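Inspection log for the structure reproduced underneath, given as structure tokens.
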Amino acid sequence: MIRYQCPQCGDWLAVDDTRGGEVYVCGLCGKSARVPIDELRLRELRALQATRPLTPQEWRQCAVHLRALGNDEEAATAERTAIALCTKRLRELKDLQATRHLTGIELDECFVNLRALGHDQEATKAEQAAIRQHERERQAAEQEEKQKWASINTGLGSCPSCGSTNIIQFTTGGQEKPSVGRQLLMGSLAVTSPEMMLLASMSNSARREQKQYHRRCASCGHQWLC
Ligand SMILES: [Zn+2]
Ligand SMILES: [Zn+2]
């Protein structure tokens with residue numbers, strides 16, 4: 001339940017947690033007012049805190065709600081905690097950066113924390129670095145995926161263009177040539193009916209499309225005859 005005082009008549013009201021932020025009509029004075037969510041949100045954050053440490057952003061939210069509830073002292077403490085956490089994390093990241101390149105996610109953390117501490121210029125620089133790093137990581141992942149794909153060996157040789165062994169084979173044309181029996185039949189048709197022979201030979205030439213074997217590289221798309 002959220003307990004709050006009607007801003008019009010001062011009566012104490014209690015509404016369900018799910019109604020936080022909604023406009024609610026006071027039963028005593030009939031005026032409507034928005035149900036405060038600060039207490040509810042604060043309680044949610046405290047429940048969260050019981051399961052894991054809060055992030056600086058969450059501490060900052062605590063501070064906002066505490067201030068709204070008039071608890072300035074606790075709000076200031078929450079704010080200090082947020083700043084301390086940001087500073088600590090930034091130091092950790094800086095130490096890490098001395099040993100290796102930071103990942104995109106770590107650089108994201110840098111700019112979030114720098115911004116939270118009000119170091120806007122540094123934050124912007126870190127943000128740009130994060131974007132570049134994310135792009136590099138995306139390209140590297142793409143490259144890796146490509147190489148994995150190219151290294152599949154289908155046993156049909158390698159691509160003359162890119163060297164991949166991921167080759168597929170397919171055929172075009174090459175419908176079956178007329179059988180001997182059919183040729184004999186056509187011969188006999190020629191005797192009995194020249195028109196029928198003409199028809200038969202026409203349909204026969206349509207069948208004489210040459211069969212071709214193609215190979216195609218599944219990696220780069222290069223295609224050749226064999
Ligand atoms: Zn009221
Ligand atoms: Zn290829």
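Quick note on naming: the chains in the structure tokens go A, B, ... in the order shown, residues restart at 1 in each chain, and ligands are numbered from 1 in order of appearance.
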All residues 10 Å or closer to segment 101-105 of chain A, only C-alpha atoms, same chain fewer than 2 positions away omitted, as a list in words: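 After dropping sequence-adjacent residues, the list is Leu93, Lys94, Leu96, Gln97, Ala98, Thr99, Leu107, Asp108, Glu109, Cys110, Glu127, Ala129, Ala130, Ile131, Arg132, Gln133, His134, Glu135, Arg136, Glu137 and Arg138 of chain A.
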What are the closest atom pairs, with distances in Å to one decimal, for each residue of segment 93-181 of chain A lying within 12 Å of segment 65-88 of chain A, using only C-alpha atoms, rows by chain and rising residue number, as a Markdown table?
| residue | atom | partner | partner_atom | distance |
| --- | --- | --- | --- | --- |
| A:Leu93 | CA | A:Lys88 | CA | 8.7 |
| A:Lys94 | CA | A:Lys88 | CA | 9.9 |
| A:Asp95 | CA | A:Lys88 | CA | 10.7 |
| A:Glu109 | CA | A:Cys86 | CA | 9.3 |
| A:Cys110 | CA | A:Cys86 | CA | 9.0 |
| A:Phe111 | CA | A:Cys86 | CA | 10.4 |
| A:Val112 | CA | A:Cys86 | CA | 8.7 |
| A:Asn113 | CA | A:Cys86 | CA | 5.2 |
| A:Leu114 | CA | A:Cys86 | CA | 7.6 |
| A:Arg115 | CA | A:Cys86 | CA | 9.6 |
| A:Ala116 | CA | A:Cys86 | CA | 7.4 |
| A:Leu117 | CA | A:Ile83 | CA | 6.6 |
| A:Gly118 | CA | A:Ile83 | CA | 10.1 |
| A:His119 | CA | A:Thr87 | CA | 11.4 |
6 Å shell around ligand 2 using only C-alpha atoms and all ligand atoms, listed as a PyMOL selection string: chain A and resi 159+161-164+217+219-222
Residues within 7 Å of ligand 1, counting only C-alpha atoms and all ligand atoms, as JSON, numbers by chain: {"A": [6, 7, 8, 9, 10, 11, 26, 27, 28, 29, 30, 31]}
Residues within 9 Å of Asp17 of chain A, only C-alpha atoms, excluding chain neighbours under 3 positions, as a list in words: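 What passes the distance filter is Met1, Ile2, Gly20, Ile37 and Leu40 of chain A.
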Alpha helix (DSSP H) residues, from DSSP on the backbone, in segment 25-119 of chain A, as a PyMOL selection string: chain A and resi 38-51+56-68+72-99+104-116
Could you save the residues just selected, with C-alpha atoms, as a PDB file, in the first residue's frame?
ATOM      1  CA  ASP A  38       8.328   8.117  -4.479  1.00  0.00           C
ATOM      2  CA  GLU A  39       7.598   5.939  -1.499  1.00  0.00           C
ATOM      3  CA  LEU A  40       6.726   2.997  -3.704  1.00  0.00           C
ATOM      4  CA  ARG A  41       9.809   3.390  -5.905  1.00  0.00           C
ATOM      5  CA  LEU A  42      11.960   3.778  -2.847  1.00  0.00           C
ATOM      6  CA  ARG A  43      10.593   0.573  -1.431  1.00  0.00           C
ATOM      7  CA  GLU A  44      11.273  -1.198  -4.738  1.00  0.00           C
ATOM      8  CA  LEU A  45      14.848   0.066  -4.702  1.00  0.00           C
ATOM      9  CA  ARG A  46      15.317  -1.085  -1.125  1.00  0.00           C
ATOM     10  CA  ALA A  47      13.976  -4.528  -2.034  1.00  0.00           C
ATOM     11  CA  LEU A  48      16.427  -4.594  -4.947  1.00  0.00           C
ATOM     12  CA  GLN A  49      19.245  -3.590  -2.633  1.00  0.00           C
ATOM     13  CA  ALA A  50      18.549  -6.691  -0.562  1.00  0.00           C
ATOM     14  CA  THR A  51      19.335  -8.855  -3.598  1.00  0.00           C
ATOM     15  CA  PRO A  56      25.048   4.648  -9.009  1.00  0.00           C
ATOM     16  CA  GLN A  57      22.009   5.441 -11.179  1.00  0.00           C
ATOM     17  CA  GLU A  58      19.771   3.593  -8.742  1.00  0.00           C
ATOM     18  CA  TRP A  59      21.325   5.432  -5.794  1.00  0.00           C
ATOM     19  CA  ARG A  60      20.633   8.662  -7.602  1.00  0.00           C
ATOM     20  CA  GLN A  61      16.983   7.624  -8.056  1.00  0.00           C
ATOM     21  CA  CYS A  62      16.868   6.904  -4.320  1.00  0.00           C
ATOM     22  CA  ALA A  63      18.131  10.418  -3.684  1.00  0.00           C
ATOM     23  CA  VAL A  64      15.442  11.923  -5.919  1.00  0.00           C
ATOM     24  CA  HIS A  65      12.641  10.008  -4.188  1.00  0.00           C
ATOM     25  CA  LEU A  66      14.029  10.715  -0.726  1.00  0.00           C
ATOM     26  CA  ARG A  67      14.212  14.405  -1.497  1.00  0.00           C
ATOM     27  CA  ALA A  68      10.632  14.345  -2.789  1.00  0.00           C
ATOM     28  CA  ASP A  72      17.033  15.562   2.675  1.00  0.00           C
ATOM     29  CA  GLU A  73      19.648  14.019   4.898  1.00  0.00           C
ATOM     30  CA  GLU A  74      19.219  10.497   3.527  1.00  0.00           C
ATOM     31  CA  ALA A  75      18.958  11.945   0.037  1.00  0.00           C
ATOM     32  CA  ALA A  76      22.354  13.577   0.442  1.00  0.00           C
ATOM     33  CA  THR A  77      23.812  10.285   1.666  1.00  0.00           C
ATOM     34  CA  ALA A  78      22.353   8.433  -1.325  1.00  0.00           C
ATOM     35  CA  GLU A  79      23.792  11.068  -3.644  1.00  0.00           C
ATOM     36  CA  ARG A  80      27.228  10.750  -2.009  1.00  0.00           C
ATOM     37  CA  THR A  81      27.033   6.968  -2.352  1.00  0.00           C
ATOM     38  CA  ALA A  82      26.256   7.372  -6.065  1.00  0.00           C
ATOM     39  CA  ILE A  83      29.259   9.657  -6.534  1.00  0.00           C
ATOM     40  CA  ALA A  84      31.545   7.370  -4.550  1.00  0.00           C
ATOM     41  CA  LEU A  85      30.491   4.371  -6.650  1.00  0.00           C
ATOM     42  CA  CYS A  86      31.026   6.263  -9.923  1.00  0.00           C
ATOM     43  CA  THR A  87      34.473   7.388  -8.794  1.00  0.00           C
ATOM     44  CA  LYS A  88      35.430   3.896  -7.663  1.00  0.00           C
ATOM     45  CA  ARG A  89      34.279   2.281 -10.894  1.00  0.00           C
ATOM     46  CA  LEU A  90      36.088   4.879 -12.980  1.00  0.00           C
ATOM     47  CA  ARG A  91      39.288   4.190 -11.072  1.00  0.00           C
ATOM     48  CA  GLU A  92      38.896   0.456 -11.671  1.00  0.00           C
ATOM     49  CA  LEU A  93      38.350   1.056 -15.364  1.00  0.00           C
ATOM     50  CA  LYS A  94      41.369   3.341 -15.533  1.00  0.00           C
ATOM     51  CA  ASP A  95      43.538   0.672 -13.872  1.00  0.00           C
ATOM     52  CA  LEU A  96      42.212  -1.866 -16.328  1.00  0.00           C
ATOM     53  CA  GLN A  97      42.955   0.454 -19.239  1.00  0.00           C
ATOM     54  CA  ALA A  98      46.589   0.517 -18.147  1.00  0.00           C
ATOM     55  CA  THR A  99      46.811  -3.231 -18.745  1.00  0.00           C
ATOM     56  CA  GLY A 104      32.929  -1.340 -25.841  1.00  0.00           C
ATOM     57  CA  ILE A 105      30.800  -2.113 -22.798  1.00  0.00           C
ATOM     58  CA  GLU A 106      33.536  -0.913 -20.438  1.00  0.00           C
ATOM     59  CA  LEU A 107      33.909   2.304 -22.415  1.00  0.00           C
ATOM     60  CA  ASP A 108      30.133   2.738 -22.177  1.00  0.00           C
ATOM     61  CA  GLU A 109      30.532   2.476 -18.422  1.00  0.00           C
ATOM     62  CA  CYS A 110      33.259   5.127 -18.538  1.00  0.00           C
ATOM     63  CA  PHE A 111      31.082   7.697 -20.216  1.00  0.00           C
ATOM     64  CA  VAL A 112      28.025   6.920 -18.091  1.00  0.00           C
ATOM     65  CA  ASN A 113      30.041   7.378 -14.906  1.00  0.00           C
ATOM     66  CA  LEU A 114      31.882  10.444 -16.180  1.00  0.00           C
ATOM     67  CA  ARG A 115      28.594  12.049 -17.141  1.00  0.00           C
ATOM     68  CA  ALA A 116      27.099  11.166 -13.761  1.00  0.00           C
TER      69      ALA A 116
END
Cys226 of chain A surroundings by only C-alpha atoms, 10 Å radius, close-in-sequence under 2 positions cut, as a list in words: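 After dropping sequence-adjacent residues, the list is Gln169, Gln212, Tyr213, His214, Arg215, Gln223 and Trp224 of chain A.
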Members of segment 28-211 of chain A assigned strand (DSSP E) by DSSP, as a list of chain:residue names: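 Of segment 28-211 of chain A, the ones in strand (DSSP E) are A:Ser32, A:Ala33, A:Arg34, A:Ile167, A:Ile168, A:Gln169, A:Phe170, A:Thr171, A:Thr172.
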Counting only C-alpha atoms, the option among A:Tyr4, A:Gln128, A:Pro53, A:Ala218 closest to Lys146 of chain A: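 Nearest to Lys146 of chain A: A:Ala218.
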Shell around Thr154 of chain A at 10 Å using only C-alpha atoms, local window under 2 positions removed, as a list of chain:residue names: A:Ser151, A:Ile152, A:Leu156, A:Gly157, A:Ser158, A:Ser164, A:Thr165, A:Asn166, A:Ile167, A:Ile168, A:Gln169
